[in-house]
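Shown here: entry-v8.cif, mmCIF, C-alpha atoms and all ligand atoms.
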```cif
data_model
loop_
_atom_site.group_PDB
_atom_site.id
_atom_site.type_symbol
_atom_site.label_atom_id
_atom_site.label_comp_id
_atom_site.auth_asym_id
_atom_site.auth_seq_id
_atom_site.Cartn_x
_atom_site.Cartn_y
_atom_site.Cartn_z
ATOM 1 C CA MET A 1 -17.036 -26.419 10.883
ATOM 2 C CA LEU A 2 -16.228 -24.534 14.055
ATOM 3 C CA THR A 3 -16.506 -20.761 13.862
ATOM 4 C CA PRO A 4 -12.989 -19.357 13.927
ATOM 5 C CA PRO A 5 -12.095 -16.601 16.390
ATOM 6 C CA ILE A 6 -12.047 -13.021 15.163
ATOM 7 C CA ILE A 7 -8.951 -11.005 15.980
ATOM 8 C CA TRP A 8 -9.365 -7.223 15.860
ATOM 9 C CA ARG A 9 -6.386 -5.080 14.974
ATOM 10 C CA VAL A 10 -5.878 -1.380 14.513
ATOM 11 C CA SER A 11 -3.210 -0.228 12.084
ATOM 12 C CA SER A 12 -2.185 3.355 11.390
ATOM 13 C CA ARG A 13 -1.206 2.227 7.886
ATOM 14 C CA ALA A 14 -4.609 0.753 7.062
ATOM 15 C CA ARG A 15 -6.623 3.056 4.793
ATOM 16 C CA ARG A 16 -9.687 0.857 4.846
ATOM 17 C CA ILE A 17 -11.030 -2.137 6.742
ATOM 18 C CA ILE A 18 -9.123 -5.250 5.716
ATOM 19 C CA LEU A 19 -10.311 -8.782 6.238
ATOM 20 C CA ARG A 20 -8.174 -11.862 5.943
ATOM 21 C CA LEU A 21 -8.106 -15.434 7.078
ATOM 22 C CA ASP A 22 -5.008 -16.605 8.943
ATOM 23 C CA ALA A 23 -4.817 -20.313 8.136
ATOM 24 C CA ARG A 24 -2.265 -21.058 10.828
ATOM 25 C CA LYS A 25 -4.103 -19.271 13.621
ATOM 26 C CA ARG A 26 -7.402 -20.483 12.157
ATOM 27 C CA ALA A 27 -8.728 -17.022 12.812
ATOM 28 C CA ILE A 28 -10.259 -14.142 10.920
ATOM 29 C CA ILE A 29 -8.098 -11.044 11.217
ATOM 30 C CA ILE A 30 -9.898 -7.756 10.812
ATOM 31 C CA THR A 31 -7.629 -4.732 10.512
ATOM 32 C CA MET A 32 -9.164 -1.325 11.121
ATOM 33 C CA PRO A 33 -7.850 2.142 10.290
ATOM 34 C CA PRO A 34 -7.260 4.154 13.515
ATOM 35 C CA HIS A 35 -10.490 6.143 13.433
ATOM 36 C CA ALA A 36 -12.873 3.484 12.131
ATOM 37 C CA LYS A 37 -15.735 2.462 14.398
ATOM 38 C CA LYS A 38 -16.120 -1.118 15.524
ATOM 39 C CA GLU A 39 -19.689 -1.203 14.178
ATOM 40 C CA ASP A 40 -18.313 -0.384 10.713
ATOM 41 C CA GLY A 41 -16.047 -3.413 11.124
ATOM 42 C CA ILE A 42 -18.953 -5.634 12.123
ATOM 43 C CA HIS A 43 -20.980 -4.319 9.185
ATOM 44 C CA PHE A 44 -18.102 -5.012 6.830
ATOM 45 C CA LEU A 45 -17.689 -8.508 8.244
ATOM 46 C CA GLN A 46 -21.379 -9.216 7.614
ATOM 47 C CA SER A 47 -21.154 -7.867 4.070
ATOM 48 C CA GLN A 48 -18.298 -10.307 3.368
ATOM 49 C CA SER A 49 -20.035 -13.412 4.698
ATOM 50 C CA GLN A 50 -20.021 -15.074 1.252
ATOM 51 C CA TRP A 51 -16.264 -14.676 1.004
ATOM 52 C CA LEU A 52 -15.805 -15.913 4.566
ATOM 53 C CA ILE A 53 -17.815 -19.076 4.002
ATOM 54 C CA GLN A 54 -15.746 -19.854 0.927
ATOM 55 C CA ALA A 55 -12.421 -19.082 2.634
ATOM 56 C CA LEU A 56 -13.369 -21.197 5.641
ATOM 57 C CA GLY A 57 -14.316 -24.071 3.354
ATOM 58 C CA GLU A 58 -10.822 -24.006 1.889
ATOM 59 C CA LEU A 59 -9.147 -24.136 5.295
ATOM 60 C CA PRO A 60 -7.630 -27.564 5.988
ATOM 61 C CA PRO A 61 -9.737 -29.280 8.679
ATOM 62 C CA SER A 62 -8.423 -28.913 12.209
ATOM 63 C CA ALA A 63 -7.261 -31.883 14.277
ATOM 64 C CA ILE A 64 -10.364 -31.544 16.439
ATOM 65 C CA GLU A 65 -12.653 -31.529 13.373
ATOM 66 C CA GLN A 66 -10.875 -34.592 11.989
ATOM 67 C CA GLY A 67 -10.844 -36.344 15.345
ATOM 68 C CA ALA A 68 -7.174 -37.237 14.886
ATOM 69 C CA ILE A 69 -3.703 -35.770 14.971
ATOM 70 C CA PRO A 70 -0.500 -37.094 13.423
ATOM 71 C CA ILE A 71 2.174 -37.858 16.011
ATOM 72 C CA GLU A 72 5.546 -38.840 14.562
ATOM 73 C CA GLY A 73 3.660 -39.584 11.353
ATOM 74 C CA ASP A 74 1.066 -41.884 12.922
ATOM 75 C CA THR A 75 -2.575 -40.882 12.767
ATOM 76 C CA THR A 76 -3.556 -40.765 16.426
ATOM 77 C CA PRO A 77 -7.277 -40.679 17.201
ATOM 78 C CA ILE A 78 -8.620 -38.118 19.655
ATOM 79 C CA LEU A 79 -10.723 -40.338 21.907
ATOM 80 C CA PRO A 80 -14.239 -39.379 22.973
ATOM 81 C CA THR A 81 -14.062 -37.933 26.485
ATOM 82 C CA THR A 82 -15.602 -40.336 28.960
ATOM 83 C CA THR A 83 -14.225 -38.857 32.181
ATOM 84 C CA LEU A 84 -13.422 -35.248 33.005
ATOM 85 C CA ASP A 85 -10.324 -36.156 34.983
ATOM 86 C CA GLY A 86 -8.446 -32.997 33.977
ATOM 87 C CA ARG A 87 -5.659 -34.973 32.306
ATOM 88 C CA THR A 88 -4.429 -35.284 28.745
ATOM 89 C CA ARG A 89 -2.501 -38.419 27.928
ATOM 90 C CA LEU A 90 -1.407 -40.609 25.078
ATOM 91 C CA THR A 91 -2.595 -44.206 25.314
ATOM 92 C CA LYS A 92 -2.225 -47.078 22.864
ATOM 93 C CA ASP A 93 -5.740 -46.277 21.527
ATOM 94 C CA GLY A 94 -5.203 -42.553 21.052
ATOM 95 C CA ILE A 95 -5.220 -39.293 22.944
ATOM 96 C CA HIS A 96 -7.506 -38.956 25.916
ATOM 97 C CA ILE A 97 -8.424 -35.362 26.792
ATOM 98 C CA GLY A 98 -10.169 -35.240 30.165
ATOM 99 C CA HIS A 99 -11.627 -31.768 29.677
ATOM 100 C CA PRO A 100 -14.883 -30.428 28.213
ATOM 101 C CA GLN A 101 -15.086 -30.562 24.411
ATOM 102 C CA SER A 102 -14.833 -26.781 24.018
ATOM 103 C CA GLU A 103 -11.401 -26.821 25.707
ATOM 104 C CA HIS A 104 -9.972 -29.674 23.618
ATOM 105 C CA PRO A 105 -8.018 -27.448 21.175
ATOM 106 C CA VAL A 106 -6.154 -25.740 24.048
ATOM 107 C CA TYR A 107 -5.299 -28.947 25.891
ATOM 108 C CA LEU A 108 -4.330 -30.814 22.741
ATOM 109 C CA LEU A 109 -1.982 -27.984 21.781
ATOM 110 C CA SER A 110 -0.256 -27.836 25.164
ATOM 111 C CA PHE A 111 0.016 -31.633 25.298
ATOM 112 C CA LEU A 112 1.697 -31.772 21.873
ATOM 113 C CA LYS A 113 4.133 -28.967 22.718
ATOM 114 C CA LYS A 114 5.181 -30.766 25.896
ATOM 115 C CA TYR A 115 5.450 -34.048 24.007
ATOM 116 C CA ALA A 116 7.712 -32.352 21.433
ATOM 117 C CA GLN A 117 9.870 -30.929 24.254
ATOM 118 C CA LYS A 118 10.362 -34.458 25.514
ATOM 119 C CA GLN A 119 10.858 -36.280 22.199
ATOM 120 C CA LEU A 120 12.753 -33.914 19.875
ATOM 121 C CA PRO A 121 15.812 -32.975 22.000
ATOM 122 C CA PRO A 122 17.088 -36.592 22.278
ATOM 123 C CA ILE A 123 16.819 -37.031 18.479
ATOM 124 C CA PHE A 124 18.668 -33.726 18.072
ATOM 125 C CA GLN A 125 21.332 -34.833 20.555
ATOM 126 C CA GLN A 126 21.800 -38.167 18.829
ATOM 127 C CA GLN A 127 22.150 -36.559 15.401
ATOM 128 C CA SER A 128 24.604 -33.934 16.749
ATOM 129 C CA THR A 129 26.818 -36.699 18.111
ATOM 130 C CA TYR A 130 26.542 -38.686 14.858
ATOM 131 C CA MET A 131 27.585 -35.640 12.818
ATOM 132 C CA ASN A 132 30.161 -34.521 15.377
ATOM 133 C CA ALA A 133 28.444 -31.140 15.396
ATOM 134 C CA GLN A 134 28.597 -28.694 18.287
ATOM 135 C CA PRO A 135 25.458 -26.594 18.491
ATOM 136 C CA THR A 136 25.461 -24.090 21.365
ATOM 137 C CA LYS A 137 21.739 -24.150 22.058
ATOM 138 C CA LEU A 138 18.509 -25.794 20.929
ATOM 139 C CA SER A 139 15.149 -24.136 21.259
ATOM 140 C CA LEU A 140 11.754 -25.339 20.123
ATOM 141 C CA ARG A 141 9.535 -22.587 18.833
ATOM 142 C CA ASP A 142 6.181 -21.930 17.252
ATOM 143 C CA VAL A 143 7.005 -20.123 14.041
ATOM 144 C CA LYS A 144 4.886 -19.384 11.053
ATOM 145 C CA SER A 145 6.841 -20.478 8.039
ATOM 146 C CA ARG A 146 10.009 -22.269 9.025
ATOM 147 C CA TRP A 147 10.883 -25.741 10.220
ATOM 148 C CA GLY A 148 14.225 -24.771 11.611
ATOM 149 C CA SER A 149 17.006 -22.220 11.625
ATOM 150 C CA CYS A 150 20.628 -21.926 12.644
ATOM 151 C CA SER A 151 22.297 -18.718 13.802
ATOM 152 C CA ARG A 152 25.963 -17.807 13.385
ATOM 153 C CA LYS A 153 26.353 -18.350 17.123
ATOM 154 C CA GLY A 154 25.355 -21.980 16.668
ATOM 155 C CA HIS A 155 21.905 -21.579 18.151
ATOM 156 C CA ILE A 156 19.456 -23.959 16.457
ATOM 157 C CA MET A 157 15.731 -23.430 16.451
ATOM 158 C CA LEU A 158 13.305 -26.196 15.539
ATOM 159 C CA ASN A 159 9.588 -25.841 14.971
ATOM 160 C CA TRP A 160 7.921 -27.985 17.649
ATOM 161 C CA ARG A 161 5.329 -29.073 15.045
ATOM 162 C CA LEU A 162 7.972 -31.383 13.585
ATOM 163 C CA ILE A 163 6.765 -33.840 16.238
ATOM 164 C CA MET A 164 3.775 -34.442 13.936
ATOM 165 C CA ALA A 165 6.005 -35.447 11.007
ATOM 166 C CA PRO A 166 7.438 -38.953 10.517
ATOM 167 C CA ARG A 167 10.803 -39.425 12.236
ATOM 168 C CA PRO A 168 12.961 -39.336 9.021
ATOM 169 C CA ILE A 169 11.423 -35.957 8.094
ATOM 170 C CA ALA A 170 12.268 -34.450 11.499
ATOM 171 C CA THR A 171 15.736 -35.985 11.284
ATOM 172 C CA TYR A 172 16.272 -34.382 7.872
ATOM 173 C CA VAL A 173 15.386 -30.915 9.240
ATOM 174 C CA ILE A 174 17.709 -31.455 12.215
ATOM 175 C CA THR A 175 20.504 -32.636 9.890
ATOM 176 C CA HIS A 176 19.969 -29.616 7.636
ATOM 177 C CA GLU A 177 20.315 -27.163 10.519
ATOM 178 C CA LEU A 178 23.299 -28.975 12.056
ATOM 179 C CA ALA A 179 25.043 -28.934 8.655
ATOM 180 C CA HIS A 180 24.778 -25.126 8.707
ATOM 181 C CA LEU A 181 27.233 -25.153 11.623
ATOM 182 C CA SER A 182 29.870 -26.228 9.071
ATOM 183 C CA HIS A 183 28.539 -24.367 6.008
ATOM 184 C CA PHE A 184 26.593 -21.183 6.535
ATOM 185 C CA ASN A 185 25.106 -21.324 3.005
ATOM 186 C CA HIS A 186 23.321 -23.713 0.655
ATOM 187 C CA GLY A 187 26.345 -24.514 -1.507
ATOM 188 C CA PRO A 188 27.395 -27.948 -2.880
ATOM 189 C CA SER A 189 29.535 -28.774 0.202
ATOM 190 C CA PHE A 190 26.570 -28.032 2.437
ATOM 191 C CA TRP A 191 24.310 -30.435 0.486
ATOM 192 C CA ASN A 192 27.014 -33.120 0.422
ATOM 193 C CA LEU A 193 27.174 -32.976 4.198
ATOM 194 C CA VAL A 194 23.375 -33.055 4.533
ATOM 195 C CA ASP A 195 23.122 -36.035 2.181
ATOM 196 C CA GLN A 196 25.829 -37.888 4.077
ATOM 197 C CA TYR A 197 23.783 -37.814 7.298
ATOM 198 C CA THR A 198 20.149 -37.640 6.171
ATOM 199 C CA PRO A 199 18.315 -40.988 6.430
ATOM 200 C CA GLY A 200 18.199 -42.332 2.853
ATOM 201 C CA GLY A 201 20.891 -39.915 1.617
ATOM 202 C CA LYS A 202 20.105 -37.578 -1.276
ATOM 203 C CA ILE A 203 16.911 -39.443 -2.197
ATOM 204 C CA GLY A 204 15.781 -39.284 1.428
ATOM 205 C CA ARG A 205 16.479 -35.575 1.508
ATOM 206 C CA LYS A 206 14.486 -34.957 -1.700
ATOM 207 C CA GLU A 207 11.601 -37.030 -0.346
ATOM 208 C CA ALA A 208 11.674 -35.151 2.953
ATOM 209 C CA GLU A 209 11.563 -31.790 1.166
ATOM 210 C CA LYS A 210 8.667 -32.976 -0.986
ATOM 211 C CA TRP A 211 6.844 -34.241 2.093
ATOM 212 C CA LEU A 212 7.276 -30.889 3.853
ATOM 213 C CA THR A 213 6.015 -29.003 0.792
ATOM 214 C CA GLN A 214 2.955 -31.233 0.518
ATOM 215 C CA ASN A 215 2.117 -31.445 4.226
ATOM 216 C CA GLY A 216 3.558 -28.232 5.658
ATOM 217 C CA ILE A 217 0.395 -26.117 5.596
ATOM 218 C CA ARG A 218 -1.592 -28.958 7.124
ATOM 219 C CA LEU A 219 0.826 -29.297 10.060
ATOM 220 C CA LEU A 220 0.992 -25.552 10.547
ATOM 221 C CA SER A 221 -2.749 -25.024 10.512
ATOM 222 C CA MET A 222 -4.375 -28.155 11.954
ATOM 223 C CA ILE A 223 -3.798 -27.111 15.537
HETATM 224 ZN ZN ZN A 301 19.269 -24.056 5.221
#
```
Full structure transcribed into structure tokens:
Amino acid sequence: MLTPPIIWRVSSRARRIILRLDARKRAIIITMPPHAKKEDGIHFLQSQSQWLIQALGELPPSAIEQGAIPIEGDTTPILPTTTLDGRTRLTKDGIHIGHPQSEHPVYLLSFLKKYAQKQLPPIFQQQSTYMNAQPTKLSLRDVKSRWGSCSRKGHIMLNWRLIMAPRPIATYVITHELAHLSHFNHGPSFWNLVDQYTPGGKIGRKEAEKWLTQNGIRLLSMI
């Protein structure tokens, strides 16, 4: 288990030192009241080591720890680095990261974001055409708890981490958000429209929602 980073915060609302584990950031967040001393924070951290070990043990393993990352639902091995060529690329055997081991999380993250930028917009475009929907803008974002959103102005946001999910799951999320352009609610007409265009119809939609519930935390926290 890699030691997670510690993020120090000061909050005027904090009445005592608060410790928590952010599963998505894979970091320990320590929040200090304004006048607390840093050494008190360090002391508190040490006094909670039992809790920390347990909380860390419950954290889903990171992609680097597992040596693999799902890409479009396929488990893709992270290959042992044989050359430090400064490049990150996807080969038929897995992902090659040509950087020192300690920098792998950073390079893997930026590679996946770029890969999502390349792969998700065409799927979105295709589904928009299929549904005859007219979104005004698509942006890929890194958000904590959502897979997608649609604003009243027709601006659709997708979580770039959908690139890790199998294609029908990503397509369901895209369909869901595009359907909001016609129905800005979750009423029966909205679901009818979603089910008309989701791969596998209503069953496919239910399966996709189940998949996201079961795998969501893993995708949000593994990298
Ligand atoms: Zn919705």
Please write out the residues within 12 Å of ligand ZN 301 (chain A) as a list of chain:residue names, counting only C-alpha atoms and all ligand atoms.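 Using only C-alpha atoms and all ligand atoms, I find these residues within 12 Å of ligand ZN 301 (chain A): A:Arg146, A:Trp147, A:Gly148, A:Ser149, A:Cys150, A:Ser151, A:Ile156, A:Met157, A:Tyr172, A:Val173, A:Ile174, A:Thr175, A:His176, A:Glu177, A:Leu178, A:Ala179, A:His180, A:Leu181, A:Ser182, A:His183, A:Phe184, A:Asn185, A:His186, A:Gly187, A:Phe190, A:Trp191, A:Leu193, A:Val194, A:Glu209.
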Could the residues in this selection be written to a file with C-alpha atoms, as an mmCIF file, in the frame of the given file?
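Dumped everything to out.cif:
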```
data_model
loop_
_atom_site.group_PDB
_atom_site.id
_atom_site.type_symbol
_atom_site.label_atom_id
_atom_site.label_comp_id
_atom_site.auth_asym_id
_atom_site.auth_seq_id
_atom_site.Cartn_x
_atom_site.Cartn_y
_atom_site.Cartn_z
ATOM 1 C CA ARG A 146 10.009 -22.269 9.025
ATOM 2 C CA TRP A 147 10.883 -25.741 10.220
ATOM 3 C CA GLY A 148 14.225 -24.771 11.611
ATOM 4 C CA SER A 149 17.006 -22.220 11.625
ATOM 5 C CA CYS A 150 20.628 -21.926 12.644
ATOM 6 C CA SER A 151 22.297 -18.718 13.802
ATOM 7 C CA ILE A 156 19.456 -23.959 16.457
ATOM 8 C CA MET A 157 15.731 -23.430 16.451
ATOM 9 C CA TYR A 172 16.272 -34.382 7.872
ATOM 10 C CA VAL A 173 15.386 -30.915 9.240
ATOM 11 C CA ILE A 174 17.709 -31.455 12.215
ATOM 12 C CA THR A 175 20.504 -32.636 9.890
ATOM 13 C CA HIS A 176 19.969 -29.616 7.636
ATOM 14 C CA GLU A 177 20.315 -27.163 10.519
ATOM 15 C CA LEU A 178 23.299 -28.975 12.056
ATOM 16 C CA ALA A 179 25.043 -28.934 8.655
ATOM 17 C CA HIS A 180 24.778 -25.126 8.707
ATOM 18 C CA LEU A 181 27.233 -25.153 11.623
ATOM 19 C CA SER A 182 29.870 -26.228 9.071
ATOM 20 C CA HIS A 183 28.539 -24.367 6.008
ATOM 21 C CA PHE A 184 26.593 -21.183 6.535
ATOM 22 C CA ASN A 185 25.106 -21.324 3.005
ATOM 23 C CA HIS A 186 23.321 -23.713 0.655
ATOM 24 C CA GLY A 187 26.345 -24.514 -1.507
ATOM 25 C CA PHE A 190 26.570 -28.032 2.437
ATOM 26 C CA TRP A 191 24.310 -30.435 0.486
ATOM 27 C CA LEU A 193 27.174 -32.976 4.198
ATOM 28 C CA VAL A 194 23.375 -33.055 4.533
ATOM 29 C CA GLU A 209 11.563 -31.790 1.166
#
```
Can you report as JSON the centre and edge lengths in Å, to one decimal, of an axis-aligned box around the listed atoms of region 17-22 of chain A padded with 8 Å on each side?
```
{"center_x": -8.0, "center_y": -9.4, "center_z": 7.3, "size_x": 22.0, "size_y": 30.5, "size_z": 19.2}
```
List the residues matched by the PyMOL selection byres (((chain A and resi 107) around 12) and not hetatm) in the displayed structure as JSON, numbers by chain, ordered by chain and then by residue number. {"A": [64, 78, 86, 87, 88, 89, 95, 96, 97, 98, 99, 100, 101, 102, 103, 104, 105, 106, 108, 109, 110, 111, 112, 113, 114, 223]}
For the structure shown, which residues end up in the PyMOL selection byres (((chain A and resi 60) around 9) and not hetatm)? Put them as a ChimeraX atom specification, please? /A:23,56-59,61-62,217-218,221-222
Which is closest to Leu45 (chain A) among A:Ile7, A:Arg26, A:Asp74, A:Ala68, if we use all atoms listed in the file? A:Ile7
I'd like to know which of A:Ala14, A:Ala170, A:Ile30, A:Ala55 is closest to Gln127 (chain A), using all atoms listed in the file. A:Ala170
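Across the structure, CA of Ser12 (chain A) and CA of Lys25 (chain A) are spaced 22.8 Å apart.
The space between CA of Leu21 (chain A) and CA of Asp142 (chain A) spans 18.7 Å.
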So, with all atoms listed in the file as the atoms that count, which of A:Glu72, A:Asp40, A:Asp93, A:Asp22 lies closest to Arg161 (chain A)?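 Nearest to Arg161 (chain A): A:Glu72.
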Using the chain letters and numbering of this document, enumerate as a list in words the residues selected by the PyMOL selection byres (((chain A and resi 215) around 12) and not hetatm). Pro60, Pro70, Gly73, Arg161, Leu162, Met164, Ala165, Pro166, Ile169, Glu207, Ala208, Glu209, Lys210, Trp211, Leu212, Thr213, Gln214, Gly216, Ile217, Arg218, Leu219, Leu220, Ser221 and Met222 of chain A
Can you put N, CA and C atoms back into region 131-155 of chain A and show it as a PDB file, in the frame of the given file?
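Saved the output as out-v8.pdb:
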```
ATOM      1  N   MET A 131      26.950 -36.545  13.785  1.00  0.00           N
ATOM      2  CA  MET A 131      27.585 -35.640  12.818  1.00  0.00           C
ATOM      3  C   MET A 131      28.808 -34.945  13.397  1.00  0.00           C
ATOM      4  N   ASN A 132      29.070 -35.197  14.675  1.00  0.00           N
ATOM      5  CA  ASN A 132      30.161 -34.521  15.377  1.00  0.00           C
ATOM      6  C   ASN A 132      29.993 -32.994  15.296  1.00  0.00           C
ATOM      7  N   ALA A 133      28.766 -32.570  15.461  1.00  0.00           N
ATOM      8  CA  ALA A 133      28.444 -31.140  15.396  1.00  0.00           C
ATOM      9  C   ALA A 133      28.344 -30.589  16.812  1.00  0.00           C
ATOM     10  N   GLN A 134      28.634 -29.299  16.953  1.00  0.00           N
ATOM     11  CA  GLN A 134      28.597 -28.694  18.287  1.00  0.00           C
ATOM     12  C   GLN A 134      27.678 -27.477  18.363  1.00  0.00           C
ATOM     13  N   PRO A 135      26.377 -27.734  18.342  1.00  0.00           N
ATOM     14  CA  PRO A 135      25.458 -26.594  18.491  1.00  0.00           C
ATOM     15  C   PRO A 135      25.584 -26.012  19.900  1.00  0.00           C
ATOM     16  N   THR A 136      25.332 -24.706  20.033  1.00  0.00           N
ATOM     17  CA  THR A 136      25.461 -24.090  21.365  1.00  0.00           C
ATOM     18  C   THR A 136      24.140 -24.135  22.124  1.00  0.00           C
ATOM     19  N   LYS A 137      23.038 -24.194  21.393  1.00  0.00           N
ATOM     20  CA  LYS A 137      21.739 -24.150  22.058  1.00  0.00           C
ATOM     21  C   LYS A 137      20.666 -24.701  21.125  1.00  0.00           C
ATOM     22  N   LEU A 138      19.677 -25.351  21.708  1.00  0.00           N
ATOM     23  CA  LEU A 138      18.509 -25.794  20.929  1.00  0.00           C
ATOM     24  C   LEU A 138      17.282 -25.169  21.557  1.00  0.00           C
ATOM     25  N   SER A 139      16.437 -24.567  20.723  1.00  0.00           N
ATOM     26  CA  SER A 139      15.149 -24.136  21.259  1.00  0.00           C
ATOM     27  C   SER A 139      14.044 -24.591  20.323  1.00  0.00           C
ATOM     28  N   LEU A 140      12.919 -24.946  20.909  1.00  0.00           N
ATOM     29  CA  LEU A 140      11.754 -25.339  20.123  1.00  0.00           C
ATOM     30  C   LEU A 140      10.802 -24.165  20.114  1.00  0.00           C
ATOM     31  N   ARG A 141      10.366 -23.782  18.933  1.00  0.00           N
ATOM     32  CA  ARG A 141       9.535 -22.587  18.833  1.00  0.00           C
ATOM     33  C   ARG A 141       8.309 -22.841  17.969  1.00  0.00           C
ATOM     34  N   ASP A 142       7.380 -21.898  18.079  1.00  0.00           N
ATOM     35  CA  ASP A 142       6.181 -21.930  17.252  1.00  0.00           C
ATOM     36  C   ASP A 142       6.329 -20.818  16.227  1.00  0.00           C
ATOM     37  N   VAL A 143       6.791 -21.148  15.055  1.00  0.00           N
ATOM     38  CA  VAL A 143       7.005 -20.123  14.041  1.00  0.00           C
ATOM     39  C   VAL A 143       6.122 -20.387  12.845  1.00  0.00           C
ATOM     40  N   LYS A 144       5.885 -19.324  12.100  1.00  0.00           N
ATOM     41  CA  LYS A 144       4.886 -19.384  11.053  1.00  0.00           C
ATOM     42  C   LYS A 144       5.313 -20.185   9.837  1.00  0.00           C
ATOM     43  N   SER A 145       6.538 -19.969   9.372  1.00  0.00           N
ATOM     44  CA  SER A 145       6.841 -20.478   8.039  1.00  0.00           C
ATOM     45  C   SER A 145       8.118 -21.295   7.972  1.00  0.00           C
ATOM     46  N   ARG A 146       8.743 -21.559   9.111  1.00  0.00           N
ATOM     47  CA  ARG A 146      10.009 -22.269   9.025  1.00  0.00           C
ATOM     48  C   ARG A 146       9.978 -23.524   9.886  1.00  0.00           C
ATOM     49  N   TRP A 147      10.769 -24.496   9.454  1.00  0.00           N
ATOM     50  CA  TRP A 147      10.883 -25.741  10.220  1.00  0.00           C
ATOM     51  C   TRP A 147      12.078 -25.701  11.145  1.00  0.00           C
ATOM     52  N   GLY A 148      13.056 -24.875  10.766  1.00  0.00           N
ATOM     53  CA  GLY A 148      14.225 -24.771  11.611  1.00  0.00           C
ATOM     54  C   GLY A 148      15.086 -23.619  11.161  1.00  0.00           C
ATOM     55  N   SER A 149      16.047 -23.237  12.017  1.00  0.00           N
ATOM     56  CA  SER A 149      17.006 -22.220  11.625  1.00  0.00           C
ATOM     57  C   SER A 149      18.267 -22.420  12.445  1.00  0.00           C
ATOM     58  N   CYS A 150      19.348 -21.824  11.959  1.00  0.00           N
ATOM     59  CA  CYS A 150      20.628 -21.926  12.644  1.00  0.00           C
ATOM     60  C   CYS A 150      21.279 -20.547  12.602  1.00  0.00           C
ATOM     61  N   SER A 151      21.665 -20.040  13.769  1.00  0.00           N
ATOM     62  CA  SER A 151      22.297 -18.718  13.802  1.00  0.00           C
ATOM     63  C   SER A 151      23.813 -18.873  13.720  1.00  0.00           C
ATOM     64  N   ARG A 152      24.492 -17.776  13.465  1.00  0.00           N
ATOM     65  CA  ARG A 152      25.963 -17.807  13.385  1.00  0.00           C
ATOM     66  C   ARG A 152      26.587 -18.186  14.713  1.00  0.00           C
ATOM     67  N   LYS A 153      25.831 -17.982  15.798  1.00  0.00           N
ATOM     68  CA  LYS A 153      26.353 -18.350  17.123  1.00  0.00           C
ATOM     69  C   LYS A 153      26.147 -19.835  17.431  1.00  0.00           C
ATOM     70  N   GLY A 154      25.553 -20.542  16.474  1.00  0.00           N
ATOM     71  CA  GLY A 154      25.355 -21.980  16.668  1.00  0.00           C
ATOM     72  C   GLY A 154      24.086 -22.325  17.428  1.00  0.00           C
ATOM     73  N   HIS A 155      23.183 -21.376  17.481  1.00  0.00           N
ATOM     74  CA  HIS A 155      21.905 -21.579  18.151  1.00  0.00           C
ATOM     75  C   HIS A 155      20.900 -22.127  17.119  1.00  0.00           C
TER      76      HIS A 155
END
```
